[in-house]
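Dumped data30.txt below, it's compact mmCIF, C-alpha atoms:
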# COMPACT_ATOMS: atom_id res chain seq x y z
CA MET A 13 92.38 129.89 115.66
CA ALA A 14 90.88 126.53 114.70
CA ASN A 15 92.51 123.31 115.84
CA ARG A 16 94.78 121.89 113.21
CA ARG A 17 96.18 118.41 112.75
CA THR A 18 98.81 117.27 110.27
CA VAL A 19 98.72 114.16 108.12
CA ASP A 20 102.24 113.27 107.04
CA ALA A 21 101.79 111.26 103.83
CA ARG A 22 105.22 112.04 102.39
CA GLY A 23 106.60 109.16 100.34
CA SER A 24 103.18 107.63 99.65
CA PHE A 25 101.72 107.47 96.16
CA CYS A 26 98.18 108.17 94.96
CA PRO A 27 95.68 107.47 96.41
CA GLY A 28 97.56 106.87 99.68
CA PRO A 29 97.65 110.54 100.81
CA LEU A 30 93.91 110.90 100.07
CA MET A 31 93.09 107.78 102.09
CA GLU A 32 95.21 109.03 104.99
CA LEU A 33 93.42 112.39 104.85
CA ILE A 34 90.00 110.74 104.87
CA ALA A 35 90.92 108.55 107.83
CA ALA A 36 91.99 111.70 109.69
CA MET A 37 88.82 113.55 108.63
CA LYS A 38 86.71 110.83 110.21
CA MET A 39 88.47 111.39 113.53
CA ALA A 40 88.40 115.19 113.34
CA GLU A 41 85.76 117.51 114.76
CA VAL A 42 83.70 119.78 112.48
CA GLY A 43 85.60 123.06 112.15
CA GLU A 44 88.99 121.43 112.56
CA GLU A 45 91.68 122.08 109.94
CA ILE A 46 93.79 119.30 108.50
CA GLU A 47 97.06 119.80 106.66
CA VAL A 48 98.20 116.98 104.38
CA LEU A 49 101.89 116.74 103.52
CA SER A 50 102.50 114.91 100.24
CA THR A 51 105.45 114.38 97.93
CA ASP A 52 103.11 112.98 95.28
CA LYS A 53 102.19 115.72 92.81
CA GLY A 54 99.13 113.83 91.57
CA SER A 55 97.70 113.79 95.08
CA ALA A 56 98.30 117.54 95.37
CA THR A 57 95.85 118.10 92.52
CA ASP A 58 93.52 115.19 93.29
CA ILE A 59 92.95 115.98 96.98
CA PRO A 60 91.47 119.47 96.30
CA GLU A 61 89.11 117.85 93.75
CA TRP A 62 87.95 115.42 96.43
CA ILE A 63 87.51 118.23 98.98
CA LYS A 64 85.30 120.17 96.56
CA LYS A 65 83.30 117.10 95.58
CA VAL A 66 82.42 116.15 99.14
CA LYS A 67 81.94 119.81 100.09
CA HIS A 68 84.49 120.43 102.78
CA GLU A 69 86.32 123.78 102.73
CA TYR A 70 89.45 123.81 100.58
CA MET A 71 91.84 126.33 102.12
CA GLY A 72 94.72 126.12 99.64
CA THR A 73 97.88 124.34 98.60
CA GLU A 74 101.49 125.39 99.00
CA GLU A 75 104.62 123.71 97.71
CA LYS A 76 107.75 123.93 99.86
CA ASN A 77 110.92 122.07 98.88
CA GLY A 78 109.12 119.35 96.94
CA VAL A 79 106.45 118.82 99.59
CA TRP A 80 102.86 119.88 98.91
CA HIS A 81 100.89 121.17 101.88
CA VAL A 82 97.14 120.88 101.26
CA LEU A 83 94.89 122.52 103.82
CA VAL A 84 91.25 121.62 104.37
CA LYS A 85 88.62 122.48 106.98
CA LYS A 86 86.08 119.84 107.95
CA THR A 87 82.64 121.40 107.49
CA HIS A 88 80.24 118.52 108.12
CA MET B 23 75.45 113.46 93.94
CA SER B 24 75.85 109.72 94.43
CA ASP B 25 76.45 107.35 91.55
CA ARG B 26 76.70 103.63 91.45
CA ILE B 27 80.06 102.20 90.38
CA SER B 28 80.19 98.46 89.67
CA ILE B 29 83.65 96.95 89.34
CA MET B 30 84.33 93.44 88.08
CA VAL B 31 87.86 92.20 88.86
CA VAL B 32 88.98 88.99 87.20
CA THR B 33 92.68 89.43 86.43
CA GLY B 34 95.43 88.29 88.78
CA THR B 35 98.09 90.79 87.76
CA LEU B 36 99.43 93.61 89.89
CA GLU B 37 98.68 96.54 87.60
CA ARG B 38 95.03 95.59 87.15
CA LEU B 39 94.43 94.77 90.81
CA GLN B 40 96.07 98.07 91.76
CA MET B 41 93.97 100.08 89.30
CA ALA B 42 90.78 98.32 90.37
CA ALA B 43 91.61 99.09 94.01
CA MET B 44 92.29 102.74 93.16
CA VAL B 45 88.95 103.12 91.37
CA ALA B 46 87.13 101.33 94.20
CA SER B 47 88.71 103.33 97.01
CA VAL B 48 88.60 106.78 95.42
CA GLY B 49 85.10 106.12 94.06
CA ALA B 50 83.82 104.99 97.45
CA VAL B 51 85.28 107.87 99.46
CA SER B 52 83.86 110.35 96.95
CA GLY B 53 80.31 109.49 97.85
CA ASN B 54 79.60 106.84 95.24
CA GLU B 55 77.93 103.52 95.92
CA VAL B 56 80.70 101.07 94.99
CA VAL B 57 80.21 97.34 94.44
CA VAL B 58 83.20 95.11 93.62
CA PHE B 59 82.84 91.59 92.27
CA LEU B 60 85.96 89.39 92.56
CA SER B 61 86.30 86.34 90.35
CA MET B 62 88.66 84.17 88.31
CA ASN B 63 92.39 84.77 88.89
CA ALA B 64 91.78 87.81 91.12
CA LEU B 65 90.02 85.92 93.91
CA PRO B 66 92.92 83.78 95.24
CA PHE B 67 94.72 86.97 96.32
CA PHE B 68 91.85 87.62 98.73
CA ARG B 69 92.25 84.37 100.58
CA LYS B 70 92.53 85.30 104.25
CA GLY B 71 96.10 86.23 105.14
CA ASP B 72 97.40 85.97 101.58
CA ALA B 73 100.20 88.54 101.31
CA SER B 74 101.67 87.38 98.03
CA THR B 75 102.42 89.91 95.32
CA PRO B 76 100.63 89.25 92.03
CA PRO B 77 102.85 89.00 88.97
CA ALA B 78 103.54 92.26 87.13
CA GLU B 79 102.38 92.61 83.53
CA GLY B 80 105.16 95.01 82.67
CA ALA B 81 107.56 97.68 83.83
CA MET B 82 104.87 99.62 85.68
CA GLY B 83 104.07 96.68 87.90
CA LYS B 84 107.72 96.28 88.79
CA LEU B 85 107.89 99.98 89.67
CA LEU B 86 104.81 99.67 91.88
CA VAL B 87 106.65 97.06 93.88
CA SER B 88 109.81 99.14 94.25
CA LYS B 89 108.00 102.43 95.04
CA LYS B 90 105.76 103.05 98.02
CA ALA B 91 102.41 102.56 96.29
CA PRO B 92 99.65 101.63 98.74
CA PRO B 93 99.10 97.84 98.55
CA PHE B 94 95.96 97.00 96.58
CA LYS B 95 94.45 94.98 99.41
CA GLN B 96 94.84 97.94 101.75
CA LEU B 97 93.04 100.15 99.22
CA PHE B 98 90.16 97.70 98.90
CA GLU B 99 89.90 97.62 102.68
CA ASN B 100 89.96 101.45 102.73
CA ALA B 101 87.10 101.40 100.20
CA VAL B 102 85.02 99.33 102.64
CA GLU B 103 86.02 101.05 105.87
CA LEU B 104 86.18 104.67 104.71
CA GLY B 105 83.68 104.62 101.86
CA ASP B 106 81.23 101.81 102.68
CA ALA B 107 82.04 99.92 99.48
CA LYS B 108 80.76 96.37 99.19
CA ILE B 109 83.20 93.74 97.93
CA TYR B 110 81.83 90.32 97.03
CA PRO B 111 83.58 87.13 96.03
CA CYS B 112 82.00 85.40 93.02
CA SER B 113 80.06 82.37 94.20
CA MET B 114 81.18 80.30 91.20
CA ALA B 115 84.87 81.07 91.81
CA MET B 116 84.43 80.25 95.51
CA ASP B 117 83.03 76.84 94.54
CA VAL B 118 85.73 76.12 91.98
CA LEU B 119 88.50 77.08 94.41
CA GLY B 120 86.83 75.17 97.24
CA TYR B 121 86.71 78.26 99.48
CA GLN B 122 84.25 78.78 102.32
CA PRO B 123 83.26 82.36 103.29
CA LYS B 124 85.55 82.08 106.33
CA ASP B 125 88.50 81.44 103.99
CA VAL B 126 88.48 84.93 102.45
CA GLU B 127 89.37 88.33 103.94
CA SER B 128 86.87 89.48 106.55
CA TYR B 129 86.07 92.75 104.74
CA LEU B 130 84.53 90.77 101.88
CA GLY B 131 80.78 90.17 101.88
CA GLU B 132 79.01 86.87 101.37
CA PRO B 133 79.55 85.16 97.99
CA LEU B 134 77.50 86.81 95.26
CA GLY B 135 76.09 85.31 92.08
CA LEU B 136 76.50 86.86 88.67
CA THR B 137 72.75 87.31 88.23
CA LYS B 138 72.55 89.63 91.23
CA PHE B 139 75.72 91.52 90.31
CA LEU B 140 74.49 92.10 86.76
CA ASP B 141 71.09 93.18 88.00
CA ASP B 142 72.68 95.66 90.43
CA ALA B 143 75.04 96.91 87.68
CA ARG B 144 72.23 97.91 85.34
CA GLU B 145 72.57 101.53 86.39
CA GLY B 146 75.70 103.62 86.80
CA GLN B 147 79.28 103.06 85.74
CA VAL B 148 80.63 99.57 85.12
CA TRP B 149 84.36 98.90 85.12
CA SER B 150 86.24 95.67 84.56
CA PHE B 151 89.83 94.80 85.28

Please express what this file holds, its structure, as structure tokens.
Amino acid sequence: MANRRTVDARGSFCPGPLMELIAAMKMAEVGEEIEVLSTDKGSATDIPEWIKKVKHEYMGTEEKNGVWHVLVKKTH
Amino acid sequence: MSDRISIMVVTGTLERLQMAAMVASVGAVSGNEVVVFLSMNALPFFRKGDASTPPAEGAMGKLLVSKKAPPFKQLFENAVELGDAKIYPCSMAMDVLGYQPKDVESYLGEPLGLTKFLDDAREGQVWSF
């Protein structure tokens, strides 16, 4: 199973969760998975758009108790 | 595909500075070449160490203060550090305010003239706030 790190951006508003994800992506190794936790619904839809635009692998989004979990794999 | 996004920021109100910072940061981290030009009432908020909150234009600005929105200066810095954006203070505004380059935040570039900004902004998207 690939290494996974979690970015806890709960409580932050757009584009805070995206910026926190990108900072974590810069530190991550290619192949690593990153899970972003966000309470901001806008970020839950915006982050997948960013992932597709910059061509990382979007692995899905789940909502649990008002927290969106967005999963991405760093591909380059 | 990379696009150029030129952003002119002249207003010293919270909503506009916040929106400009959002466009700059998201644009820059999405692979666009982002250039920000700071002038008029926007520039004093970029004096080194200035942590003052710009006045709100309306209810939204007041909400931004009470909620946990990322501070606009942090987003501009993110644009530079995470997305290689270039942020320039307007050379005219620097002169009028009596600022030296060392007086403004370190993530800003050297003062830029309008002629160069306009020339660079000929292609791509241009936004003003």

Could you give me, as JSON lines, every chain B residue with an atom at most 9 Å from chain A, plus its closest atom pair and distance in Å to one decimal, counting all atoms listed in the file, rows ordered by chain then number?
{"residue": "B:Met23", "atom": "CA", "partner": "A:Lys65", "partner_atom": "CA", "distance": 8.8}
{"residue": "B:Met44", "atom": "CA", "partner": "A:Pro27", "partner_atom": "CA", "distance": 6.7}
{"residue": "B:Ser47", "atom": "CA", "partner": "A:Met31", "partner_atom": "CA", "distance": 8.0}
{"residue": "B:Val48", "atom": "CA", "partner": "A:Pro27", "partner_atom": "CA", "distance": 7.2}
{"residue": "B:Val51", "atom": "CA", "partner": "A:Ile34", "partner_atom": "CA", "distance": 7.7}
{"residue": "B:Ser52", "atom": "CA", "partner": "A:Val66", "partner_atom": "CA", "distance": 6.4}
{"residue": "B:Gly53", "atom": "CA", "partner": "A:Val66", "partner_atom": "CA", "distance": 7.1}
{"residue": "B:Lys89", "atom": "CA", "partner": "A:Phe25", "partner_atom": "CA", "distance": 8.1}
{"residue": "B:Lys90", "atom": "CA", "partner": "A:Ser24", "partner_atom": "CA", "distance": 5.5}
{"residue": "B:Ala91", "atom": "CA", "partner": "A:Phe25", "partner_atom": "CA", "distance": 5.0}
{"residue": "B:Pro92", "atom": "CA", "partner": "A:Gly28", "partner_atom": "CA", "distance": 5.7}
{"residue": "B:Leu97", "atom": "CA", "partner": "A:Gly28", "partner_atom": "CA", "distance": 8.1}
{"residue": "B:Asn100", "atom": "CA", "partner": "A:Met31", "partner_atom": "CA", "distance": 7.1}
{"residue": "B:Ala101", "atom": "CA", "partner": "A:Met31", "partner_atom": "CA", "distance": 9.0}
{"residue": "B:Leu104", "atom": "CA", "partner": "A:Ala35", "partner_atom": "CA", "distance": 6.9}

Report the distance between atom CA of B:Ser113 and atom CA of B:Gly83 in Å, rounded to one decimal place. 28.7 Å

Measure the distance from atom CA of B:Asp142 to atom CA of B:Met116 in Å and round it to one decimal.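 So the two atoms, atom CA of B:Asp142 and atom CA of B:Met116, lie 20.0 Å apart.
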
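Comparing the minimum interatomic distances between A:Glu41 and each of A:Gly78, A:Pro60, A:Lys85, A:Asp20, counting all atoms listed in the file, we find that A:Lys85 sits nearest.
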
One-decimal distance in Å that lies between atom CA of B:Arg26 and atom CA of B:Ser150: 14.2 Å

Please determine, counting only C-alpha atoms, which residue among B:Arg38, B:Arg144, B:Arg69, B:Lys138 has the shortest atom-to-atom distance to B:Lys124.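 Nearest candidate to B:Lys124 out of B:Arg38, B:Arg144, B:Arg69, B:Lys138: B:Arg69.
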
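Non-sequential neighbours of stretch 71-77 of chain B (distance at most 10 Å, separation of 4 or more positions within a chain, all atoms listed in the file) are Thr33, Gly34, Thr35, Leu36, Glu37, Arg38, Leu39, Gln40, Asn63, Ala64, Pro66, Phe67, Gly83, Lys84, Val87, Pro93, Phe94, Lys95, Asp125, Val126, Glu127 and Ser128 of chain B.
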
Select, counting only C-alpha atoms, all protein, DNA and RNA residues no farther than 12 Å from (83.5, 84.2, 98.9) in file coordinates, and express the selection as a ChimeraX atom specification. /B:59-62,64-70,109-135

Considering all atoms listed in the file, can you say which of A:Lys67, A:Ile59, A:Trp80, A:Thr51 comes closest to A:Leu33? A:Ile59

Counting all atoms listed in the file, select every polymer residue within 9 Å of (85.9, 123.1, 108.4) as defined in the file's coordinates, and provide the selection as an NGL selection string. :A and (14 or 41-46 or 68-70 or 84-88)

Excluding B:Trp149 and residues on its chain fewer than 5 positions from it, collect all residues at most 10 Å away from it, counting all atoms listed in the file, and give them as a ChimeraX atom specification. /B:27-31,42,45-46,58,143

Nearest residue to A:Gly72 out of A:Met39, A:Ala21, A:Arg16, A:Val48, using all atoms listed in the file?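 Closest candidate: A:Val48.
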